[in-house]
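The next block holds one structure in the form of structure tokens; read it before the comments.
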Amino acid sequence: PVACTVSVETSGSTMVLAPVIQANEAITGIYMLSVEGPGTRMNNGGPFSLRAGQTVELGQMRLGGAATNVEAELTLSIDGQTYACPVNL
């Protein structure tokens with residue numbers, strides 16, 4: 001019912017991560033984006049609701065420095081099911 005990924009953009013020495021969700025059908029759920037690296041541990045999440053065919057970016061996380069040794073995980077909880085989304089840093 002859903003496709004998801006993490007958008008990664010860099011600008012100078014800043015990396016911006018944003019969870020992106022695309023729904024094939026109307027859905028509601030909860031997302032959690034976790035990022036860990038040297039000196040960094042951040043979590044961002046909350047509820048979302050999408051119409052069929054809708055694509056949304058759910059917030060952004062900004063990190064200083066490159067993606068070296070940084071790990072990110074995006075999970076969605078929809079109707080009691082948990083989905084792990086691909087993250088390529």
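Identifiers in the structure tokens: chain A, B, ... in order shown; residue index from 1 per chain; ligand index from 1 in order shown.
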#### Entry: Long-range neighbours of range 16-32 of chain A as a PyMOL selection string, 6 Å cut-off, only C-alpha atoms, 5 positions minimum in chain
chain A and resi 1-9+44-62+74-78
### Spatial neighbours of Gly64 in chain A, max dist 12 Å, only C-alpha atoms, sep filter under 4 positions, as a list in words
Glu9, Thr10, Ser11, Gly12, Ser13, Thr14, Met15, Val16, Leu17, Gly37, Pro38, Gly39, Thr40, Thr68 and Val70 of chain A
Could you take the residues named above and write them with C-alpha atoms, as a PDB file, in the first residue's frame?
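Saved as part.pdb:
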```
ATOM      1  CA  GLU A   9      20.727  16.147  -0.044  1.00  0.00           C
ATOM      2  CA  THR A  10      24.011  17.833   0.754  1.00  0.00           C
ATOM      3  CA  SER A  11      24.739  21.522   0.695  1.00  0.00           C
ATOM      4  CA  GLY A  12      28.258  22.498   1.646  1.00  0.00           C
ATOM      5  CA  SER A  13      28.987  20.767   4.932  1.00  0.00           C
ATOM      6  CA  THR A  14      25.325  20.106   5.758  1.00  0.00           C
ATOM      7  CA  MET A  15      23.405  16.911   4.993  1.00  0.00           C
ATOM      8  CA  VAL A  16      19.591  17.065   4.928  1.00  0.00           C
ATOM      9  CA  LEU A  17      17.570  13.863   5.435  1.00  0.00           C
ATOM     10  CA  GLY A  37      26.737   8.579  13.842  1.00  0.00           C
ATOM     11  CA  PRO A  38      29.822   9.899  15.602  1.00  0.00           C
ATOM     12  CA  GLY A  39      28.493  12.326  18.220  1.00  0.00           C
ATOM     13  CA  THR A  40      24.985  12.207  16.734  1.00  0.00           C
ATOM     14  CA  THR A  68      30.573   8.970   6.684  1.00  0.00           C
ATOM     15  CA  VAL A  70      26.162   7.771   9.680  1.00  0.00           C
TER      16      VAL A  70
END
```
### Task
Check chain A with DSSP on the backbone and list each residue it calls strand (DSSP E), as a PyMOL selection string.
chain A and resi 2-11+14-23+27-37+40-50+55-57+61-64+71-78+81-85
Selection above as a file: C-alpha atoms, as a PDB file, in the first residue's frame:
```pdb
ATOM      1  CA  VAL A   2       3.011   2.311   0.416  1.00  0.00           C
ATOM      2  CA  ALA A   3       6.480   3.111  -0.945  1.00  0.00           C
ATOM      3  CA  CYS A   4       9.000   4.931   1.212  1.00  0.00           C
ATOM      4  CA  THR A   5      12.569   6.138   1.241  1.00  0.00           C
ATOM      5  CA  VAL A   6      14.788   8.805   2.739  1.00  0.00           C
ATOM      6  CA  SER A   7      15.764  11.721   0.524  1.00  0.00           C
ATOM      7  CA  VAL A   8      19.383  12.783   1.102  1.00  0.00           C
ATOM      8  CA  GLU A   9      20.727  16.147  -0.044  1.00  0.00           C
ATOM      9  CA  THR A  10      24.011  17.833   0.754  1.00  0.00           C
ATOM     10  CA  SER A  11      24.739  21.522   0.695  1.00  0.00           C
ATOM     11  CA  THR A  14      25.325  20.106   5.758  1.00  0.00           C
ATOM     12  CA  MET A  15      23.405  16.911   4.993  1.00  0.00           C
ATOM     13  CA  VAL A  16      19.591  17.065   4.928  1.00  0.00           C
ATOM     14  CA  LEU A  17      17.570  13.863   5.435  1.00  0.00           C
ATOM     15  CA  ALA A  18      13.837  13.745   4.743  1.00  0.00           C
ATOM     16  CA  PRO A  19      11.464  10.772   4.897  1.00  0.00           C
ATOM     17  CA  VAL A  20       9.348  10.500   1.723  1.00  0.00           C
ATOM     18  CA  ILE A  21       6.201   8.374   1.565  1.00  0.00           C
ATOM     19  CA  GLN A  22       4.019   7.545  -1.447  1.00  0.00           C
ATOM     20  CA  ALA A  23       0.627   5.908  -0.945  1.00  0.00           C
ATOM     21  CA  ILE A  27      -3.426   5.321   4.646  1.00  0.00           C
ATOM     22  CA  THR A  28      -2.759   6.648   8.114  1.00  0.00           C
ATOM     23  CA  GLY A  29       0.084   5.629  10.363  1.00  0.00           C
ATOM     24  CA  ILE A  30       3.146   6.633  12.324  1.00  0.00           C
ATOM     25  CA  TYR A  31       6.686   7.130  11.025  1.00  0.00           C
ATOM     26  CA  MET A  32      10.024   7.084  12.853  1.00  0.00           C
ATOM     27  CA  LEU A  33      13.323   8.273  11.387  1.00  0.00           C
ATOM     28  CA  SER A  34      16.399   7.453  13.489  1.00  0.00           C
ATOM     29  CA  VAL A  35      19.888   8.728  12.645  1.00  0.00           C
ATOM     30  CA  GLU A  36      23.105   7.754  14.434  1.00  0.00           C
ATOM     31  CA  GLY A  37      26.737   8.579  13.842  1.00  0.00           C
ATOM     32  CA  THR A  40      24.985  12.207  16.734  1.00  0.00           C
ATOM     33  CA  ARG A  41      21.781  10.448  17.775  1.00  0.00           C
ATOM     34  CA  MET A  42      18.543  11.953  16.479  1.00  0.00           C
ATOM     35  CA  ASN A  43      14.960  10.713  16.253  1.00  0.00           C
ATOM     36  CA  ASN A  44      12.088  12.287  14.378  1.00  0.00           C
ATOM     37  CA  GLY A  45       8.608  10.873  13.914  1.00  0.00           C
ATOM     38  CA  GLY A  46       4.902  11.277  14.250  1.00  0.00           C
ATOM     39  CA  PRO A  47       1.553  10.541  12.673  1.00  0.00           C
ATOM     40  CA  PHE A  48       0.806  10.877   8.966  1.00  0.00           C
ATOM     41  CA  SER A  49      -2.217  10.577   6.705  1.00  0.00           C
ATOM     42  CA  LEU A  50      -2.110  10.290   2.912  1.00  0.00           C
ATOM     43  CA  THR A  55       3.470  11.637  -2.083  1.00  0.00           C
ATOM     44  CA  VAL A  56       4.671  13.643   0.926  1.00  0.00           C
ATOM     45  CA  GLU A  57       7.905  14.618   2.632  1.00  0.00           C
ATOM     46  CA  MET A  61      16.749  16.460   9.738  1.00  0.00           C
ATOM     47  CA  ARG A  62      19.919  18.507   9.232  1.00  0.00           C
ATOM     48  CA  LEU A  63      23.343  17.144  10.069  1.00  0.00           C
ATOM     49  CA  GLY A  64      26.706  18.877   9.899  1.00  0.00           C
ATOM     50  CA  GLU A  71      23.338   5.235   9.778  1.00  0.00           C
ATOM     51  CA  ALA A  72      19.660   6.006   9.276  1.00  0.00           C
ATOM     52  CA  GLU A  73      16.545   3.895   9.657  1.00  0.00           C
ATOM     53  CA  LEU A  74      13.008   4.770   8.559  1.00  0.00           C
ATOM     54  CA  THR A  75      10.080   2.673   9.738  1.00  0.00           C
ATOM     55  CA  LEU A  76       6.352   3.042   9.169  1.00  0.00           C
ATOM     56  CA  SER A  77       3.584   1.550  11.299  1.00  0.00           C
ATOM     57  CA  ILE A  78       0.347   1.157   9.333  1.00  0.00           C
ATOM     58  CA  GLN A  81       2.157  -3.710  10.351  1.00  0.00           C
ATOM     59  CA  THR A  82       5.697  -2.312  10.455  1.00  0.00           C
ATOM     60  CA  TYR A  83       7.492  -1.465   7.213  1.00  0.00           C
ATOM     61  CA  ALA A  84      11.256  -0.877   6.968  1.00  0.00           C
ATOM     62  CA  CYS A  85      12.116   1.659   4.272  1.00  0.00           C
TER      63      CYS A  85
END
```
